[in-house]
$ cat final-v9.txt   # compact mmCIF, N, CA and C atoms
# COMPACT_ATOMS: atom_id res chain seq x y z
N MET A 1 -36.47 -13.01 -0.43
CA MET A 1 -37.16 -14.03 -1.20
C MET A 1 -36.39 -15.35 -1.18
N ILE A 2 -35.07 -15.29 -1.43
CA ILE A 2 -34.26 -16.50 -1.43
C ILE A 2 -34.25 -17.13 -0.04
N ARG A 3 -34.18 -16.29 0.99
CA ARG A 3 -34.18 -16.79 2.37
C ARG A 3 -35.48 -17.53 2.68
N ALA A 4 -36.61 -17.02 2.20
CA ALA A 4 -37.91 -17.66 2.43
C ALA A 4 -37.98 -19.01 1.72
N VAL A 5 -37.45 -19.08 0.49
CA VAL A 5 -37.45 -20.34 -0.26
C VAL A 5 -36.55 -21.36 0.43
N THR A 6 -35.38 -20.92 0.90
CA THR A 6 -34.46 -21.81 1.59
C THR A 6 -35.08 -22.33 2.87
N LEU A 7 -35.73 -21.47 3.62
CA LEU A 7 -36.38 -21.87 4.86
C LEU A 7 -37.50 -22.87 4.57
N ALA A 8 -38.28 -22.61 3.53
CA ALA A 8 -39.37 -23.52 3.16
C ALA A 8 -38.82 -24.88 2.76
N ALA A 9 -37.73 -24.90 2.01
CA ALA A 9 -37.13 -26.18 1.59
C ALA A 9 -36.59 -26.94 2.79
N ALA A 10 -35.96 -26.25 3.71
CA ALA A 10 -35.43 -26.90 4.91
C ALA A 10 -36.56 -27.46 5.76
N LEU A 11 -37.64 -26.71 5.91
CA LEU A 11 -38.78 -27.17 6.69
C LEU A 11 -39.42 -28.39 6.04
N ALA A 12 -39.55 -28.38 4.72
CA ALA A 12 -40.12 -29.52 4.01
C ALA A 12 -39.27 -30.77 4.20
N ALA A 13 -37.95 -30.61 4.20
CA ALA A 13 -37.05 -31.75 4.40
C ALA A 13 -37.21 -32.33 5.80
N VAL A 14 -37.33 -31.47 6.80
CA VAL A 14 -37.49 -31.94 8.18
C VAL A 14 -38.81 -32.65 8.37
N ILE A 15 -39.85 -32.15 7.73
CA ILE A 15 -41.17 -32.76 7.86
C ILE A 15 -41.22 -34.12 7.17
N THR A 16 -40.59 -34.27 6.00
CA THR A 16 -40.65 -35.53 5.26
C THR A 16 -39.65 -36.57 5.75
N LEU A 17 -38.64 -36.18 6.49
CA LEU A 17 -37.63 -37.12 6.97
C LEU A 17 -38.23 -38.27 7.77
N PRO A 18 -39.12 -38.03 8.74
CA PRO A 18 -39.71 -39.16 9.46
C PRO A 18 -40.48 -40.11 8.55
N ALA A 19 -41.15 -39.59 7.53
CA ALA A 19 -41.89 -40.45 6.61
C ALA A 19 -40.96 -41.34 5.82
N ILE A 20 -39.82 -40.82 5.40
CA ILE A 20 -38.84 -41.63 4.67
C ILE A 20 -38.27 -42.70 5.59
N ALA A 21 -37.95 -42.34 6.81
CA ALA A 21 -37.37 -43.28 7.76
C ALA A 21 -38.31 -44.43 8.07
N GLN A 22 -39.62 -44.21 7.99
CA GLN A 22 -40.57 -45.28 8.29
C GLN A 22 -40.57 -46.37 7.23
N ASP A 23 -40.11 -46.06 6.00
CA ASP A 23 -40.05 -47.06 4.95
C ASP A 23 -38.96 -48.09 5.21
N VAL A 24 -37.97 -47.75 6.01
CA VAL A 24 -36.83 -48.62 6.25
C VAL A 24 -37.15 -49.55 7.40
N LYS A 25 -37.02 -50.84 7.17
CA LYS A 25 -37.23 -51.83 8.22
C LYS A 25 -35.88 -52.40 8.59
N SER A 26 -35.71 -52.75 9.82
CA SER A 26 -34.46 -53.38 10.22
C SER A 26 -34.47 -54.82 9.71
N PRO A 27 -33.31 -55.40 9.48
CA PRO A 27 -33.27 -56.79 9.03
C PRO A 27 -33.98 -57.74 9.99
N ALA A 28 -33.87 -57.50 11.29
CA ALA A 28 -34.54 -58.38 12.26
C ALA A 28 -36.05 -58.33 12.08
N ALA A 29 -36.60 -57.18 11.70
CA ALA A 29 -38.04 -57.05 11.51
C ALA A 29 -38.51 -57.78 10.25
N THR A 30 -37.64 -57.99 9.29
CA THR A 30 -38.03 -58.66 8.06
C THR A 30 -38.54 -60.07 8.33
N ALA A 31 -37.93 -60.75 9.29
CA ALA A 31 -38.36 -62.12 9.62
C ALA A 31 -39.77 -62.14 10.19
N GLN A 32 -40.23 -61.04 10.72
CA GLN A 32 -41.58 -60.95 11.28
C GLN A 32 -42.59 -60.42 10.26
N THR A 33 -42.10 -60.00 9.10
CA THR A 33 -42.96 -59.41 8.08
C THR A 33 -43.69 -60.49 7.31
N ALA A 34 -45.00 -60.33 7.18
CA ALA A 34 -45.81 -61.26 6.40
C ALA A 34 -46.20 -60.57 5.10
N ILE A 35 -45.97 -61.27 3.98
CA ILE A 35 -46.38 -60.73 2.69
C ILE A 35 -47.11 -61.83 1.92
N THR A 36 -48.02 -61.42 1.09
CA THR A 36 -48.79 -62.37 0.30
C THR A 36 -47.94 -62.92 -0.86
N ASP A 37 -48.46 -63.92 -1.50
CA ASP A 37 -47.79 -64.50 -2.65
C ASP A 37 -47.64 -63.45 -3.75
N GLN A 38 -48.67 -62.66 -3.97
CA GLN A 38 -48.62 -61.61 -5.00
C GLN A 38 -47.56 -60.57 -4.64
N GLU A 39 -47.48 -60.15 -3.37
CA GLU A 39 -46.47 -59.18 -2.96
C GLU A 39 -45.07 -59.75 -3.14
N ALA A 40 -44.89 -61.02 -2.82
CA ALA A 40 -43.58 -61.66 -2.99
C ALA A 40 -43.18 -61.65 -4.47
N LYS A 41 -44.12 -61.90 -5.34
CA LYS A 41 -43.83 -61.91 -6.78
C LYS A 41 -43.44 -60.54 -7.29
N THR A 42 -43.97 -59.48 -6.69
CA THR A 42 -43.62 -58.13 -7.17
C THR A 42 -42.17 -57.78 -6.85
N TRP A 43 -41.56 -58.48 -5.89
CA TRP A 43 -40.16 -58.22 -5.55
C TRP A 43 -39.20 -58.92 -6.49
N VAL A 44 -39.65 -59.94 -7.20
CA VAL A 44 -38.77 -60.67 -8.12
C VAL A 44 -38.30 -59.71 -9.21
N GLY A 45 -36.99 -59.70 -9.44
CA GLY A 45 -36.40 -58.84 -10.46
C GLY A 45 -35.92 -57.49 -9.92
N LYS A 46 -36.27 -57.17 -8.67
CA LYS A 46 -35.81 -55.90 -8.09
C LYS A 46 -34.35 -56.02 -7.70
N HIS A 47 -33.66 -54.90 -7.64
CA HIS A 47 -32.23 -54.88 -7.34
C HIS A 47 -31.94 -55.21 -5.88
N VAL A 48 -30.80 -55.87 -5.68
CA VAL A 48 -30.31 -56.22 -4.35
C VAL A 48 -29.01 -55.45 -4.14
N TYR A 49 -28.94 -54.70 -3.03
CA TYR A 49 -27.77 -53.89 -2.70
C TYR A 49 -27.11 -54.37 -1.42
N SER A 50 -25.80 -54.23 -1.36
CA SER A 50 -25.03 -54.56 -0.17
C SER A 50 -25.03 -53.37 0.78
N SER A 51 -24.55 -53.58 2.01
CA SER A 51 -24.49 -52.49 2.99
C SER A 51 -23.49 -51.41 2.58
N ASP A 52 -22.56 -51.76 1.68
CA ASP A 52 -21.62 -50.75 1.19
C ASP A 52 -22.08 -50.13 -0.14
N GLY A 53 -23.38 -50.28 -0.44
CA GLY A 53 -23.99 -49.58 -1.56
C GLY A 53 -23.79 -50.17 -2.94
N LYS A 54 -23.30 -51.38 -3.05
CA LYS A 54 -23.05 -51.99 -4.36
C LYS A 54 -24.27 -52.77 -4.83
N ASN A 55 -24.60 -52.61 -6.10
CA ASN A 55 -25.68 -53.36 -6.71
C ASN A 55 -25.16 -54.77 -6.99
N LEU A 56 -25.69 -55.77 -6.29
CA LEU A 56 -25.19 -57.14 -6.40
C LEU A 56 -25.89 -57.95 -7.47
N GLY A 57 -27.14 -57.66 -7.70
CA GLY A 57 -27.92 -58.46 -8.65
C GLY A 57 -29.39 -58.23 -8.45
N GLU A 58 -30.18 -59.31 -8.64
CA GLU A 58 -31.63 -59.19 -8.58
C GLU A 58 -32.25 -60.28 -7.72
N VAL A 59 -33.44 -59.97 -7.21
CA VAL A 59 -34.22 -60.93 -6.43
C VAL A 59 -34.70 -62.04 -7.36
N ALA A 60 -34.44 -63.28 -6.98
CA ALA A 60 -34.94 -64.43 -7.73
C ALA A 60 -36.25 -64.94 -7.10
N ALA A 61 -36.35 -64.87 -5.77
CA ALA A 61 -37.55 -65.32 -5.06
C ALA A 61 -37.49 -64.88 -3.61
N ILE A 62 -38.65 -64.77 -3.00
CA ILE A 62 -38.75 -64.56 -1.56
C ILE A 62 -39.53 -65.74 -1.01
N LEU A 63 -38.88 -66.51 -0.14
CA LEU A 63 -39.52 -67.69 0.43
C LEU A 63 -40.20 -67.33 1.74
N ARG A 64 -41.35 -67.99 2.00
CA ARG A 64 -42.16 -67.66 3.16
C ARG A 64 -42.68 -68.92 3.85
N THR A 65 -43.12 -68.74 5.09
CA THR A 65 -43.73 -69.82 5.85
C THR A 65 -45.20 -69.95 5.42
N ALA A 66 -45.89 -70.94 5.99
CA ALA A 66 -47.31 -71.14 5.67
C ALA A 66 -48.15 -69.93 6.07
N ASP A 67 -47.71 -69.18 7.09
CA ASP A 67 -48.47 -67.99 7.50
C ASP A 67 -47.89 -66.71 6.87
N ASN A 68 -47.16 -66.87 5.76
CA ASN A 68 -46.66 -65.78 4.92
C ASN A 68 -45.53 -64.95 5.50
N LYS A 69 -44.88 -65.40 6.57
CA LYS A 69 -43.73 -64.67 7.10
C LYS A 69 -42.50 -65.00 6.26
N ILE A 70 -41.71 -63.98 5.99
CA ILE A 70 -40.52 -64.14 5.15
C ILE A 70 -39.47 -64.98 5.87
N THR A 71 -38.93 -65.99 5.18
CA THR A 71 -37.88 -66.83 5.76
C THR A 71 -36.52 -66.57 5.11
N GLU A 72 -36.53 -66.35 3.81
CA GLU A 72 -35.26 -66.09 3.13
C GLU A 72 -35.48 -65.43 1.78
N LEU A 73 -34.40 -64.88 1.29
CA LEU A 73 -34.36 -64.24 -0.03
C LEU A 73 -33.43 -65.07 -0.90
N ARG A 74 -33.84 -65.34 -2.11
CA ARG A 74 -32.96 -65.94 -3.10
C ARG A 74 -32.61 -64.83 -4.09
N ALA A 75 -31.32 -64.66 -4.34
CA ALA A 75 -30.88 -63.59 -5.24
C ALA A 75 -29.87 -64.12 -6.24
N ASP A 76 -29.99 -63.65 -7.47
CA ASP A 76 -29.00 -63.94 -8.51
C ASP A 76 -27.98 -62.82 -8.47
N ILE A 77 -26.72 -63.17 -8.16
CA ILE A 77 -25.68 -62.14 -8.05
C ILE A 77 -24.48 -62.49 -8.91
N GLY A 78 -23.66 -61.48 -9.14
CA GLY A 78 -22.43 -61.67 -9.91
C GLY A 78 -22.70 -61.78 -11.39
N GLY A 79 -21.64 -61.97 -12.11
CA GLY A 79 -21.74 -62.17 -13.55
C GLY A 79 -21.97 -60.90 -14.32
N PHE A 80 -22.04 -61.06 -15.62
CA PHE A 80 -22.26 -59.95 -16.54
C PHE A 80 -23.19 -60.44 -17.64
N LEU A 81 -24.29 -59.75 -17.85
CA LEU A 81 -25.30 -60.12 -18.83
C LEU A 81 -25.77 -61.56 -18.64
N GLY A 82 -25.89 -61.97 -17.39
CA GLY A 82 -26.39 -63.30 -17.07
C GLY A 82 -25.35 -64.39 -17.08
N LEU A 83 -24.12 -64.11 -17.53
CA LEU A 83 -23.07 -65.12 -17.56
C LEU A 83 -22.27 -65.07 -16.26
N GLY A 84 -22.06 -66.21 -15.67
CA GLY A 84 -21.27 -66.28 -14.45
C GLY A 84 -22.03 -65.91 -13.19
N GLN A 85 -23.32 -65.68 -13.31
CA GLN A 85 -24.08 -65.33 -12.11
C GLN A 85 -24.49 -66.60 -11.38
N HIS A 86 -24.71 -66.48 -10.06
CA HIS A 86 -25.15 -67.62 -9.28
C HIS A 86 -26.17 -67.15 -8.26
N GLU A 87 -26.95 -68.12 -7.76
CA GLU A 87 -28.02 -67.82 -6.82
C GLU A 87 -27.52 -68.05 -5.40
N ILE A 88 -27.83 -67.10 -4.51
CA ILE A 88 -27.49 -67.23 -3.10
C ILE A 88 -28.77 -67.20 -2.28
N SER A 89 -28.67 -67.69 -1.05
CA SER A 89 -29.78 -67.66 -0.11
C SER A 89 -29.39 -66.76 1.06
N VAL A 90 -30.26 -65.79 1.37
CA VAL A 90 -30.00 -64.84 2.45
C VAL A 90 -31.12 -64.98 3.47
N PRO A 91 -30.81 -65.31 4.73
CA PRO A 91 -31.85 -65.42 5.76
C PRO A 91 -32.56 -64.08 5.96
N ALA A 92 -33.82 -64.14 6.37
CA ALA A 92 -34.63 -62.93 6.55
C ALA A 92 -33.99 -61.94 7.52
N ALA A 93 -33.26 -62.42 8.49
CA ALA A 93 -32.64 -61.53 9.47
C ALA A 93 -31.45 -60.76 8.90
N ARG A 94 -31.09 -61.00 7.64
CA ARG A 94 -29.92 -60.34 7.05
C ARG A 94 -30.26 -59.37 5.92
N PHE A 95 -31.55 -59.09 5.68
CA PHE A 95 -31.93 -58.13 4.65
C PHE A 95 -33.21 -57.42 5.04
N TYR A 96 -33.48 -56.32 4.34
CA TYR A 96 -34.75 -55.65 4.50
C TYR A 96 -35.24 -55.09 3.17
N LEU A 97 -36.54 -54.92 3.09
CA LEU A 97 -37.19 -54.42 1.89
C LEU A 97 -37.31 -52.91 2.04
N LYS A 98 -36.80 -52.18 1.08
CA LYS A 98 -36.80 -50.73 1.17
C LYS A 98 -37.23 -50.15 -0.17
N ASN A 99 -38.39 -49.51 -0.18
CA ASN A 99 -38.93 -48.91 -1.39
C ASN A 99 -38.94 -49.93 -2.52
N ASP A 100 -38.13 -49.74 -3.55
CA ASP A 100 -38.11 -50.65 -4.70
C ASP A 100 -36.83 -51.46 -4.77
N ARG A 101 -36.21 -51.74 -3.63
CA ARG A 101 -34.97 -52.52 -3.63
C ARG A 101 -34.82 -53.27 -2.33
N VAL A 102 -33.93 -54.24 -2.36
CA VAL A 102 -33.60 -55.03 -1.17
C VAL A 102 -32.21 -54.62 -0.73
N GLU A 103 -32.03 -54.42 0.57
CA GLU A 103 -30.71 -54.07 1.09
C GLU A 103 -30.28 -55.14 2.09
N LEU A 104 -29.05 -55.61 1.90
CA LEU A 104 -28.48 -56.61 2.79
C LEU A 104 -27.72 -55.92 3.92
N ASP A 105 -27.59 -56.60 5.04
CA ASP A 105 -26.79 -56.03 6.14
C ASP A 105 -25.38 -56.61 6.11
N MET A 106 -24.88 -56.85 4.90
CA MET A 106 -23.52 -57.35 4.71
C MET A 106 -22.90 -56.67 3.50
N THR A 107 -21.60 -56.63 3.47
CA THR A 107 -20.89 -56.00 2.35
C THR A 107 -20.99 -56.88 1.10
N ALA A 108 -20.60 -56.32 -0.02
CA ALA A 108 -20.61 -57.07 -1.28
C ALA A 108 -19.68 -58.28 -1.18
N ALA A 109 -18.51 -58.09 -0.57
CA ALA A 109 -17.55 -59.20 -0.42
C ALA A 109 -18.15 -60.32 0.43
N GLN A 110 -18.84 -59.97 1.50
CA GLN A 110 -19.47 -60.99 2.36
C GLN A 110 -20.58 -61.72 1.61
N ALA A 111 -21.37 -60.99 0.84
CA ALA A 111 -22.47 -61.61 0.09
C ALA A 111 -21.93 -62.58 -0.96
N LYS A 112 -20.83 -62.23 -1.59
CA LYS A 112 -20.25 -63.10 -2.61
C LYS A 112 -19.65 -64.38 -2.02
N GLU A 113 -19.41 -64.38 -0.71
CA GLU A 113 -18.88 -65.57 -0.04
C GLU A 113 -19.98 -66.53 0.41
N LEU A 114 -21.25 -66.11 0.33
CA LEU A 114 -22.34 -66.99 0.71
C LEU A 114 -22.37 -68.19 -0.23
N PRO A 115 -22.73 -69.36 0.27
CA PRO A 115 -22.75 -70.54 -0.60
C PRO A 115 -23.80 -70.42 -1.71
N LYS A 116 -23.48 -71.00 -2.83
CA LYS A 116 -24.40 -71.02 -3.96
C LYS A 116 -25.55 -71.97 -3.64
N VAL A 117 -26.73 -71.64 -4.16
CA VAL A 117 -27.90 -72.50 -4.01
C VAL A 117 -27.86 -73.53 -5.12
N ALA A 118 -27.99 -74.80 -4.76
CA ALA A 118 -28.01 -75.86 -5.77
C ALA A 118 -29.35 -75.82 -6.50
N LYS A 119 -29.29 -75.91 -7.80
CA LYS A 119 -30.52 -75.86 -8.61
C LYS A 119 -30.90 -77.21 -9.09

$ encode --input "final-v9.txt" --output "structure tokens"
Amino acid sequence: MIRAVTLAAALAAVITLPAIAQDVKSPAATAQTAITDQEAKTWVGKHVYSSDGKNLGEVAAILRTADNKITELRADIGGFLGLGQHEISVPAARFYLKNDRVELDMTAAQAKELPKVAK
């Protein structure tokens, strides 16, 4: 009985793995991704993670071209309880949208070195 359950669980994992992998887009593909204004707004406030798995902050905005292709991500990073945080700009080729979060193709240290966006 235990062997059958283990086999079933392993088979289910193998079958669902390709579906999970399809949710992940490469950073280069993000620049070709077109999203509507409403879709862009749903990303505001979602978490932004570095390539080394650190939660850096939240999405402030996703900027797009006239034909809705993503050009850059604005993110509020750093600080504690909103104090000391600053906004950075990340080109579309350096991040991807994954499920309910944004993942950068740079480490937390590299992201913190990006220039602040003037407000």

$ closest_residue --input "final-v9.txt" --among "A:Lys46, A:Lys112, A:Arg94, A:Arg101" --to "A:Gly78" --atoms "all atoms listed in the file"
A:Lys112

$ atom_distance --input "final-v9.txt" --atom1 "atom C of A:Met106" --atom2 "atom C of A:Gly79"
18.3 Å

$ residues_around --input "final-v9.txt" --residues "A:Ile35" --least-positions-apart "4" --cutoff "8 Å" --atoms "all atoms listed in the file" --output "PDB file with N, CA and C atoms, in the frame of the given file"
ATOM      1  N   GLU A  39     -47.480 -60.150  -3.370  1.00  0.00           N
ATOM      2  CA  GLU A  39     -46.470 -59.180  -2.960  1.00  0.00           C
ATOM      3  C   GLU A  39     -45.070 -59.750  -3.140  1.00  0.00           C
ATOM      4  N   ALA A  40     -44.890 -61.020  -2.820  1.00  0.00           N
ATOM      5  CA  ALA A  40     -43.580 -61.660  -2.990  1.00  0.00           C
ATOM      6  C   ALA A  40     -43.180 -61.650  -4.470  1.00  0.00           C
ATOM      7  N   LYS A  41     -44.120 -61.900  -5.340  1.00  0.00           N
ATOM      8  CA  LYS A  41     -43.830 -61.910  -6.780  1.00  0.00           C
ATOM      9  C   LYS A  41     -43.440 -60.540  -7.290  1.00  0.00           C
ATOM     10  N   ARG A  64     -41.350 -67.990   2.000  1.00  0.00           N
ATOM     11  CA  ARG A  64     -42.160 -67.660   3.160  1.00  0.00           C
ATOM     12  C   ARG A  64     -42.680 -68.920   3.850  1.00  0.00           C
ATOM     13  N   ASP A  67     -47.710 -69.180   7.090  1.00  0.00           N
ATOM     14  CA  ASP A  67     -48.470 -67.990   7.500  1.00  0.00           C
ATOM     15  C   ASP A  67     -47.890 -66.710   6.870  1.00  0.00           C
ATOM     16  N   ASN A  68     -47.160 -66.870   5.760  1.00  0.00           N
ATOM     17  CA  ASN A  68     -46.660 -65.780   4.920  1.00  0.00           C
ATOM     18  C   ASN A  68     -45.530 -64.950   5.500  1.00  0.00           C
ATOM     19  N   LYS A  69     -44.880 -65.400   6.570  1.00  0.00           N
ATOM     20  CA  LYS A  69     -43.730 -64.670   7.100  1.00  0.00           C
ATOM     21  C   LYS A  69     -42.500 -65.000   6.260  1.00  0.00           C
ATOM     22  N   ILE A  70     -41.710 -63.980   5.990  1.00  0.00           N
ATOM     23  CA  ILE A  70     -40.520 -64.140   5.150  1.00  0.00           C
ATOM     24  C   ILE A  70     -39.470 -64.980   5.870  1.00  0.00           C
TER      25      ILE A  70
END

$ atom_distance --input "final-v9.txt" --atom1 "atom N of A:Ile62" --atom2 "atom N of A:Ala118"
14.7 Å

$ select_by_dssp --input "final-v9.txt" --residues "stretch 10-117 of chain A" --states "strand (DSSP E or B)" --output "MDAnalysis selection string"
chainID A and resid 34 47:49 55:64 69:77 80 83 86:91 95:98 101:104 116

$ atom_distance --input "final-v9.txt" --atom1 "atom CA of A:Ala92" --atom2 "atom CA of A:Thr30"
5.7 Å

$ residues_around --input "final-v9.txt" --residues "A:Glu87" --least-positions-apart "4" --cutoff "6 Å" --atoms "all atoms listed in the file" --output "PyMOL selection string"
chain A and resi 75-77+115-117

$ residues_around --input "final-v9.txt" --residues "A:Tyr49" --least-positions-apart "3" --cutoff "8 Å" --atoms "only N, CA and C atoms" --output "ChimeraX atom specification"
/A:46,52-58,101-108

$ axis_aligned_box --input "final-v9.txt" --around "stretch 37-44 of chain A" --padding-each-side "8 Å" --output "AutoDock Vina command-line options"
--center_x -43.5 --center_y -61.1 --center_z -5.4 --size_x 26.4 --size_y 22.7 --size_z 23.7
